[in-house]
$ cat query25.txt   # compact mmCIF, C-alpha atoms and all ligand atoms
# COMPACT_ATOMS: atom_id res chain seq x y z
CA TYR A 1 19.98 78.98 17.27
CA GLU A 2 16.39 78.40 18.21
CA VAL A 3 14.17 79.54 21.03
CA CYS A 4 11.17 77.37 21.78
CA ALA A 5 8.62 77.80 24.57
CA VAL A 6 7.76 74.76 26.67
CA LYS A 7 4.47 74.40 28.53
CA ALA A 8 3.65 71.44 30.79
CA GLY A 9 6.74 69.73 29.36
CA VAL A 10 5.56 70.09 25.75
CA MET A 11 7.69 72.03 23.23
CA LEU A 12 5.33 74.42 21.44
CA ASP A 13 5.43 74.54 17.64
CA GLU A 14 8.24 71.99 17.89
CA ALA A 15 8.12 70.91 14.24
CA GLY A 16 8.40 74.50 12.98
CA HIS A 17 11.31 75.41 15.25
CA PHE A 18 13.32 72.30 14.36
CA ALA A 19 12.61 72.71 10.64
CA ARG A 20 13.84 76.34 10.82
CA LEU A 21 16.96 75.23 12.72
CA GLU A 22 17.68 72.73 9.96
CA ARG A 23 17.25 75.48 7.34
CA SER A 24 19.51 77.95 9.20
CA LEU A 25 22.25 75.31 9.57
CA ALA A 26 22.05 74.44 5.87
CA ALA A 27 22.20 78.14 4.88
CA LEU A 28 25.38 78.56 6.95
CA ASP A 29 26.90 75.24 5.88
CA ILE A 30 27.11 74.04 9.48
CA ALA A 31 26.72 70.29 9.97
CA GLN A 32 24.04 68.95 12.31
CA PRO A 33 25.81 67.84 15.54
CA VAL A 34 23.12 65.18 16.03
CA SER A 35 20.00 64.31 14.04
CA MET A 36 16.93 66.49 14.61
CA PRO A 37 15.01 63.64 16.34
CA ALA A 38 18.03 63.13 18.68
CA LEU A 39 18.12 66.88 19.38
CA LYS A 40 14.43 66.83 20.35
CA LEU A 41 15.20 63.99 22.77
CA ILE A 42 18.12 65.97 24.25
CA GLY A 43 15.73 68.90 24.83
CA ARG A 44 13.17 66.68 26.55
CA HIS A 45 15.88 64.98 28.64
CA LEU A 46 17.26 68.35 29.77
CA LEU A 47 13.80 69.48 30.87
CA ARG A 48 13.21 66.23 32.76
CA LEU A 49 16.63 66.21 34.46
CA ASN A 50 16.11 69.74 35.69
CA ARG A 51 12.43 69.15 36.56
CA ILE A 52 11.39 72.16 34.48
CA SER A 53 8.01 71.96 32.75
CA ASP A 54 7.37 75.62 31.81
CA ALA A 55 10.43 76.96 30.09
CA ILE A 56 12.28 78.62 27.29
CA LEU A 57 14.37 75.99 25.57
CA TYR A 58 17.43 77.52 23.92
CA ILE A 59 19.44 75.58 21.32
CA GLN A 60 22.67 77.01 19.93
CA ILE A 61 24.92 75.35 17.38
CA SER A 62 28.24 76.77 16.20
CA ARG A 63 30.59 75.59 13.48
CA GLY A 64 32.92 74.31 16.22
CA VAL A 65 36.33 75.16 17.66
CA ALA A 66 39.14 76.12 15.29
CA PRO A 67 42.09 78.55 15.09
CA ARG A 68 40.87 82.11 14.59
CA ASP A 69 40.44 82.92 10.88
CA HIS A 70 37.74 84.08 8.45
CA PRO A 71 37.46 81.17 6.00
CA PHE A 72 35.85 78.00 7.30
CA PRO A 73 38.46 75.58 8.76
CA VAL A 74 39.81 73.29 6.00
CA VAL A 75 39.11 70.24 8.12
CA ALA A 76 35.62 70.82 9.49
CA PRO A 77 35.60 70.66 13.32
CA ALA A 78 32.76 68.92 15.13
CA PRO A 79 29.93 71.46 15.45
CA ALA A 80 29.36 72.58 19.04
CA LEU A 81 25.92 72.23 20.65
CA ILE A 82 24.56 74.10 23.66
CA VAL A 83 21.06 73.46 24.99
CA THR A 84 19.68 75.33 28.00
CA ALA A 85 16.29 75.43 29.71
CA LYS A 86 15.20 78.48 31.65
CA ARG A 87 12.06 78.54 33.79
CA LEU A 88 9.31 80.69 32.32
CA ASP A 89 6.59 82.39 34.32
CA TRP A 90 3.43 82.46 32.20
CA GLN A 91 1.77 84.85 34.65
CA LYS A 92 4.39 87.49 33.88
CA GLN A 93 3.66 87.11 30.18
CA ASP A 94 -0.09 87.42 30.87
CA ALA A 95 0.43 90.57 32.95
CA GLN A 96 2.43 92.09 30.09
CA ALA A 97 -0.29 91.21 27.58
CA GLU A 98 -2.95 92.80 29.76
CA LYS A 99 -0.99 96.04 29.94
CA GLY A 100 0.20 96.00 26.34
CA VAL A 101 3.62 97.07 25.13
CA GLY A 102 5.14 100.14 23.44
CA LEU A 103 7.21 100.15 20.25
CA ILE A 104 9.89 102.65 19.23
CA SER A 105 10.48 103.03 15.48
CA MET A 106 14.04 103.16 14.15
CA PRO A 107 16.01 102.17 11.05
CA ASP A 108 16.74 98.47 10.61
CA GLU A 109 20.54 98.25 10.65
CA ARG A 110 20.81 94.47 10.30
CA TRP A 111 22.34 92.48 7.44
CA ALA A 112 20.67 91.31 4.23
CA ARG A 113 19.84 87.75 5.38
CA CYS A 114 17.59 88.23 8.39
CA ASP A 115 15.73 85.06 7.37
CA ILE A 116 18.60 83.04 8.86
CA LYS A 117 18.29 82.71 12.63
CA SER A 118 21.84 83.34 13.76
CA THR A 119 23.56 84.43 16.98
CA ALA A 120 25.01 87.43 15.09
CA LEU A 121 22.54 89.63 16.98
CA LEU A 122 24.54 92.82 17.52
CA ALA A 123 22.14 95.07 15.55
CA ASN A 124 19.14 93.40 17.22
CA VAL A 125 20.62 93.92 20.69
CA LEU A 126 21.46 97.57 19.99
CA ALA A 127 17.95 98.18 18.63
CA LYS A 128 16.29 96.55 21.66
CA GLN A 129 18.42 98.63 24.04
CA LYS A 130 17.66 101.82 22.11
CA ALA A 131 13.95 101.02 22.43
CA ARG A 132 14.30 100.37 26.17
CA ASP A 133 16.35 103.56 26.69
CA ALA A 134 13.55 105.47 24.93
CA GLY A 135 10.99 103.98 27.34
CA GLY A 136 9.61 101.35 24.92
CA TYR A 137 9.50 97.58 25.12
CA GLU A 138 10.47 96.61 21.57
CA ALA A 139 11.91 98.23 18.46
CA MET A 140 9.85 98.70 15.30
CA LEU A 141 12.50 98.35 12.60
CA THR A 142 12.06 100.09 9.25
CA ASP A 143 13.71 99.53 5.86
CA GLU A 144 15.06 102.24 3.54
CA ALA A 145 11.58 102.85 2.09
CA GLY A 146 10.25 103.53 5.60
CA LEU A 147 8.33 100.24 5.66
CA VAL A 148 8.24 98.14 8.82
CA THR A 149 10.36 94.98 8.73
CA GLU A 150 9.88 93.44 12.20
CA GLY A 151 10.80 93.86 15.87
CA SER A 152 14.31 93.19 17.20
CA SER A 153 13.07 89.81 18.46
CA SER A 154 9.45 89.61 17.30
CA THR A 155 7.14 89.73 14.28
CA ILE A 156 4.88 92.79 13.91
CA PHE A 157 1.20 92.61 12.91
CA MET A 158 -1.26 95.42 12.17
CA VAL A 159 -5.07 95.31 12.21
CA ASP A 160 -6.46 97.38 9.32
CA GLY A 161 -9.69 99.37 9.14
CA ASP A 162 -11.62 96.31 7.94
CA GLY A 163 -10.50 94.22 10.91
CA GLY A 164 -8.08 92.13 8.85
CA LEU A 165 -4.50 91.29 9.78
CA VAL A 166 -1.57 92.71 7.84
CA THR A 167 2.02 91.52 8.21
CA ARG A 168 5.09 91.79 6.05
CA PRO A 169 5.52 88.90 3.57
CA LEU A 170 8.39 86.48 4.17
CA GLY A 171 11.67 87.45 2.55
CA PRO A 172 15.33 88.00 3.43
CA GLU A 173 14.43 91.14 5.45
CA ILE A 174 12.65 89.24 8.24
CA LEU A 175 12.89 86.06 10.26
CA PRO A 176 10.13 83.63 9.26
CA GLY A 177 8.53 83.62 12.72
CA ILE A 178 7.12 80.28 13.81
CA THR A 179 4.55 82.06 16.01
CA ARG A 180 3.72 84.26 12.99
CA GLU A 181 2.78 81.12 11.05
CA THR A 182 0.66 79.71 13.89
CA VAL A 183 -1.10 83.04 14.46
CA ILE A 184 -1.92 83.28 10.74
CA ASP A 185 -3.42 79.75 10.96
CA VAL A 186 -5.36 80.66 14.10
CA ALA A 187 -6.67 83.86 12.47
CA ARG A 188 -7.78 82.07 9.30
CA ALA A 189 -9.49 79.39 11.41
CA GLU A 190 -11.40 82.27 13.08
CA ASN A 191 -12.37 83.67 9.65
CA ILE A 192 -10.13 86.70 10.05
CA ALA A 193 -8.59 87.90 6.77
CA VAL A 194 -4.78 87.93 6.61
CA THR A 195 -2.86 90.00 4.04
CA GLU A 196 0.88 89.68 3.68
CA ARG A 197 2.14 93.11 2.61
CA ALA A 198 4.59 95.67 3.92
CA PHE A 199 3.20 98.73 5.73
CA SER A 200 4.68 102.06 6.81
CA VAL A 201 5.22 103.45 10.32
CA ASP A 202 2.52 106.06 9.63
CA GLU A 203 0.06 103.33 8.68
CA ALA A 204 0.97 101.44 11.84
CA LYS A 205 0.44 104.54 13.95
CA ALA A 206 -3.01 105.01 12.42
CA ALA A 207 -3.92 101.30 12.68
CA ARG A 208 -6.93 100.08 14.59
CA GLU A 209 -4.68 97.70 16.55
CA MET A 210 -1.13 96.39 16.52
CA PHE A 211 0.48 93.36 18.14
CA ILE A 212 3.76 91.48 18.13
CA THR A 213 4.39 87.73 18.17
CA SER A 214 7.27 85.53 19.34
CA ALA A 215 7.84 82.08 20.83
CA SER A 216 8.28 83.52 24.32
CA GLY A 217 5.59 86.23 24.18
CA PHE A 218 2.92 84.49 22.06
CA VAL A 219 0.71 87.46 21.06
CA LEU A 220 1.44 90.77 22.82
CA PRO A 221 -0.85 93.75 22.11
CA VAL A 222 0.92 97.00 21.19
CA VAL A 223 -0.65 100.05 22.82
CA GLU A 224 1.86 102.74 21.83
CA ILE A 225 4.20 103.56 18.95
CA ASP A 226 6.76 106.29 19.63
CA HIS A 227 4.71 107.17 22.72
CA GLN A 228 1.58 107.84 20.64
CA PRO A 229 -1.41 105.65 21.50
CA VAL A 230 -2.45 102.97 18.99
CA GLY A 231 -6.26 102.91 18.67
CA ASN A 232 -7.58 103.96 22.05
CA GLY A 233 -4.32 103.11 23.79
CA VAL A 234 -5.39 99.83 25.39
CA PRO A 235 -4.92 96.22 24.15
CA GLY A 236 -7.16 95.75 21.11
CA SER A 237 -10.06 93.31 21.04
CA LEU A 238 -8.75 91.36 18.04
CA ALA A 239 -5.23 91.03 19.51
CA THR A 240 -6.78 89.85 22.77
CA ARG A 241 -9.03 87.37 20.92
CA LEU A 242 -6.09 86.01 18.92
CA ARG A 243 -3.98 85.70 22.06
CA ARG A 244 -6.79 83.69 23.72
CA ALA A 245 -7.23 81.51 20.63
CA TYR A 246 -3.45 80.92 20.52
CA ILE A 247 -3.41 79.94 24.21
CA ALA A 248 -6.43 77.66 23.68
CA ARG A 249 -4.46 75.91 20.93
CA VAL A 250 -1.47 75.57 23.28
CA ASP A 251 -3.71 74.24 26.06
CA ALA A 252 -5.20 71.68 23.69
CA VAL A 253 -1.75 70.11 23.20
CA THR A 254 -0.41 70.54 26.73
CA ARG A 255 -3.40 69.48 28.83
CA PRO A 256 -2.83 66.04 30.32
N1 LIG B 301 13.13 85.76 18.79
N2 LIG B 301 12.06 88.18 14.49
C1 LIG B 301 13.22 88.11 15.16
C2 LIG B 301 14.36 88.97 14.72
C3 LIG B 301 13.35 87.22 16.24
O1 LIG B 301 14.51 87.12 16.89
C4 LIG B 301 12.23 86.43 16.62
C5 LIG B 301 12.31 85.42 17.73
C6 LIG B 301 11.03 86.56 15.90
C7 LIG B 301 9.82 85.73 16.20
O2 LIG B 301 10.02 84.39 15.81
P1 LIG B 301 9.33 83.17 16.56
O3 LIG B 301 7.88 83.41 16.51
O4 LIG B 301 9.76 82.01 15.79
O5 LIG B 301 9.84 83.17 17.98
C8 LIG B 301 10.99 87.44 14.83
C9 LIG B 301 13.33 84.78 19.85
C10 LIG B 301 12.16 84.62 20.74
C11 LIG B 301 14.60 85.14 20.58
O6 LIG B 301 15.60 85.35 19.91
O7 LIG B 301 14.60 85.17 21.80
$ encode --input "query25.txt" --output "structure tokens"
Amino acid sequence: YEVCAVKAGVMLDEAGHFARLERSLAALDIAQPVSMPALKLIGRHLLRLNRISDAILYIQISRGVAPRDHPFPVVAPAPALIVTAKRLDWQKQDAQAEKGVGLISMPDERWARCDIKSTALLANVLAKQKARDAGGYEAMLTDEAGLVTEGSSSTIFMVDGDGGLVTRPLGPEILPGITRETVIDVARAENIAVTERAFSVDEAKAAREMFITSASGFVLPVVEIDHQPVGNGVPGSLATRLRRAYIARVDAVTRP
């Protein structure tokens, strides 16, 4: 599945989301129900038909309908496609960014191929709920070595003492976030150093700033980890600057 934000009718980071969808389908040996260009047209058509210009576009593809069994059906069924568009309120996202969000650390209980974006989200859902029940917004998942992997539905970034960005390198333990890629580009264009390395929860708690990224949230400053303030407990200046630079990039492609 894919989740892509839409602003003023324009799908943001469209190429990245569709390329990742193609990779996930290939990894799971699921055929493409329609070509990727046709799928983009279906997305645009759905937005137009429903007169929605600011949205979350959701695309889900399954292997198709077959008698219940574990092996793939011998005769491959037609893959099933669901596309939905849900109105998105950018002001809500802005309000959240101004306040900042809290993370709750916990062990990552997901499978060994988190680089595939799949609807098998049970561990993600349980982690998110655990974070919410603990009064946080998002989970900060940790591997067996105590290093941060990612959020239950977001990528996690840290700002180190030198004002550079640190985020876990791509690998099977994390989803290759499309927003992650764009934010790294934006940072480098702003002459901000970016290091891809894993970091611990303790390092994160002592970081100058933290933020999370996702298609629906863009860049959201983290102000608390396990109810302890990050930095001085308010959205950091670098996170705020990157969020503005990200939005400026979005505006450049969505302005009529
Ligand atoms: N979640 N990691 C996980 C586990 C995710 O589910 C997501 C996205 C991300 C961020 O990826 P991107 O920048 O491409 O959105 C990282 C989407 C928003 C979701 O499932 O709703």
$ residues_near_ligand --input "query25.txt" --ligand "ligand LIG 301 (chain B)" --cutoff "9 Å" --atoms "all atoms listed in the file" --output "ChimeraX atom specification"
/A:1-5,13,16-17,20,56,58,114-115,117-119,121,124,150-156,174-182,212-218
$ write_last_selection --input "query25.txt" --atoms "C-alpha atoms" --output "PDB file, in the coordinates of the input"
ATOM      1  CA  TYR A   1      19.980  78.980  17.270  1.00  0.00           C
ATOM      2  CA  GLU A   2      16.390  78.400  18.210  1.00  0.00           C
ATOM      3  CA  VAL A   3      14.170  79.540  21.030  1.00  0.00           C
ATOM      4  CA  CYS A   4      11.170  77.370  21.780  1.00  0.00           C
ATOM      5  CA  ALA A   5       8.620  77.800  24.570  1.00  0.00           C
ATOM      6  CA  ASP A  13       5.430  74.540  17.640  1.00  0.00           C
ATOM      7  CA  GLY A  16       8.400  74.500  12.980  1.00  0.00           C
ATOM      8  CA  HIS A  17      11.310  75.410  15.250  1.00  0.00           C
ATOM      9  CA  ARG A  20      13.840  76.340  10.820  1.00  0.00           C
ATOM     10  CA  ILE A  56      12.280  78.620  27.290  1.00  0.00           C
ATOM     11  CA  TYR A  58      17.430  77.520  23.920  1.00  0.00           C
ATOM     12  CA  CYS A 114      17.590  88.230   8.390  1.00  0.00           C
ATOM     13  CA  ASP A 115      15.730  85.060   7.370  1.00  0.00           C
ATOM     14  CA  LYS A 117      18.290  82.710  12.630  1.00  0.00           C
ATOM     15  CA  SER A 118      21.840  83.340  13.760  1.00  0.00           C
ATOM     16  CA  THR A 119      23.560  84.430  16.980  1.00  0.00           C
ATOM     17  CA  LEU A 121      22.540  89.630  16.980  1.00  0.00           C
ATOM     18  CA  ASN A 124      19.140  93.400  17.220  1.00  0.00           C
ATOM     19  CA  GLU A 150       9.880  93.440  12.200  1.00  0.00           C
ATOM     20  CA  GLY A 151      10.800  93.860  15.870  1.00  0.00           C
ATOM     21  CA  SER A 152      14.310  93.190  17.200  1.00  0.00           C
ATOM     22  CA  SER A 153      13.070  89.810  18.460  1.00  0.00           C
ATOM     23  CA  SER A 154       9.450  89.610  17.300  1.00  0.00           C
ATOM     24  CA  THR A 155       7.140  89.730  14.280  1.00  0.00           C
ATOM     25  CA  ILE A 156       4.880  92.790  13.910  1.00  0.00           C
ATOM     26  CA  ILE A 174      12.650  89.240   8.240  1.00  0.00           C
ATOM     27  CA  LEU A 175      12.890  86.060  10.260  1.00  0.00           C
ATOM     28  CA  PRO A 176      10.130  83.630   9.260  1.00  0.00           C
ATOM     29  CA  GLY A 177       8.530  83.620  12.720  1.00  0.00           C
ATOM     30  CA  ILE A 178       7.120  80.280  13.810  1.00  0.00           C
ATOM     31  CA  THR A 179       4.550  82.060  16.010  1.00  0.00           C
ATOM     32  CA  ARG A 180       3.720  84.260  12.990  1.00  0.00           C
ATOM     33  CA  GLU A 181       2.780  81.120  11.050  1.00  0.00           C
ATOM     34  CA  THR A 182       0.660  79.710  13.890  1.00  0.00           C
ATOM     35  CA  ILE A 212       3.760  91.480  18.130  1.00  0.00           C
ATOM     36  CA  THR A 213       4.390  87.730  18.170  1.00  0.00           C
ATOM     37  CA  SER A 214       7.270  85.530  19.340  1.00  0.00           C
ATOM     38  CA  ALA A 215       7.840  82.080  20.830  1.00  0.00           C
ATOM     39  CA  SER A 216       8.280  83.520  24.320  1.00  0.00           C
ATOM     40  CA  GLY A 217       5.590  86.230  24.180  1.00  0.00           C
ATOM     41  CA  PHE A 218       2.920  84.490  22.060  1.00  0.00           C
TER      42      PHE A 218
END
$ atom_distance --input "query25.txt" --atom1 "CA of Gly43 in chain A" --atom2 "CA of Ala76 in chain A"
25.2 Å
$ atom_distance --input "query25.txt" --atom1 "CA of Gln129 in chain A" --atom2 "CA of Lys92 in chain A"
20.4 Å
$ atom_distance --input "query25.txt" --atom1 "CA of Ser200 in chain A" --atom2 "CA of Glu138 in chain A"
16.8 Å
$ residues_around --input "query25.txt" --residues "Val148 in chain A" --least-positions-apart "2" --cutoff "8 Å" --atoms "all atoms listed in the file" --output "ChimeraX atom specification"
/A:140-143,146,150,168,198-201
$ write_last_selection --input "query25.txt" --atoms "C-alpha atoms" --output "mmCIF file, in the coordinates of the input"
data_model
loop_
_atom_site.group_PDB
_atom_site.id
_atom_site.type_symbol
_atom_site.label_atom_id
_atom_site.label_comp_id
_atom_site.auth_asym_id
_atom_site.auth_seq_id
_atom_site.Cartn_x
_atom_site.Cartn_y
_atom_site.Cartn_z
ATOM 1 C CA MET A 140 9.850 98.700 15.300
ATOM 2 C CA LEU A 141 12.500 98.350 12.600
ATOM 3 C CA THR A 142 12.060 100.090 9.250
ATOM 4 C CA ASP A 143 13.710 99.530 5.860
ATOM 5 C CA GLY A 146 10.250 103.530 5.600
ATOM 6 C CA GLU A 150 9.880 93.440 12.200
ATOM 7 C CA ARG A 168 5.090 91.790 6.050
ATOM 8 C CA ALA A 198 4.590 95.670 3.920
ATOM 9 C CA PHE A 199 3.200 98.730 5.730
ATOM 10 C CA SER A 200 4.680 102.060 6.810
ATOM 11 C CA VAL A 201 5.220 103.450 10.320
#
$ residues_around --input "query25.txt" --residues "Ala19 in chain A" --least-positions-apart "5" --cutoff "10 Å" --atoms "only C-alpha atoms" --output "list of chain:residue names"
A:Glu14, A:Ser24, A:Met36, A:Ile178
$ residues_near_point --input "query25.txt" --point "(26.1, 74.2, 22.1)" --cutoff "10 Å" --atoms "all atoms listed in the file" --output "PyMOL selection string"
chain A and resi 1+33+58-64+79-84
$ residues_around --input "query25.txt" --residues "His227 in chain A" --least-positions-apart "4" --cutoff "12 Å" --atoms "all atoms listed in the file" --output "VMD selection string"
chain A and resid 101 to 105 131 134 to 137 205 222 to 223 233
$ write_last_selection --input "query25.txt" --atoms "C-alpha atoms" --output "short mmCIF file (atom, residue, chain, number, x, y, z; two decimals), in the coordinates of the input"
data_model
loop_
_atom_site.label_atom_id
_atom_site.label_comp_id
_atom_site.auth_asym_id
_atom_site.auth_seq_id
_atom_site.Cartn_x
_atom_site.Cartn_y
_atom_site.Cartn_z
CA VAL A 101 3.62 97.07 25.13
CA GLY A 102 5.14 100.14 23.44
CA LEU A 103 7.21 100.15 20.25
CA ILE A 104 9.89 102.65 19.23
CA SER A 105 10.48 103.03 15.48
CA ALA A 131 13.95 101.02 22.43
CA ALA A 134 13.55 105.47 24.93
CA GLY A 135 10.99 103.98 27.34
CA GLY A 136 9.61 101.35 24.92
CA TYR A 137 9.50 97.58 25.12
CA LYS A 205 0.44 104.54 13.95
CA VAL A 222 0.92 97.00 21.19
CA VAL A 223 -0.65 100.05 22.82
CA GLY A 233 -4.32 103.11 23.79
#
$ residues_near_point --input "query25.txt" --point "(-2.2, 80.7, 14.8)" --cutoff "6 Å" --atoms "all atoms listed in the file" --output "ChimeraX atom specification"
/A:182-187,246
$ residues_around --input "query25.txt" --residues "range 46-48 of chain A" --least-positions-apart "3" --cutoff "9 Å" --atoms "all atoms listed in the file" --output "list in words"
Gly9, Leu41, Ile42, Gly43, Arg51, Ile52, Ser53, Asp54, Ala55, Leu57, Val83, Thr84 and Ala85 of chain A
$ closest_residue --input "query25.txt" --among "A:Asp162, A:Glu209, A:Glu22, A:Glu109" --to "Val230 in chain A" --atoms "only C-alpha atoms"
A:Glu209
$ residues_around --input "query25.txt" --residues "Val194 in chain A" --least-positions-apart "2" --cutoff "9 Å" --atoms "all atoms listed in the file" --output "ChimeraX atom specification"
/A:164-167,184,187-188,192,196
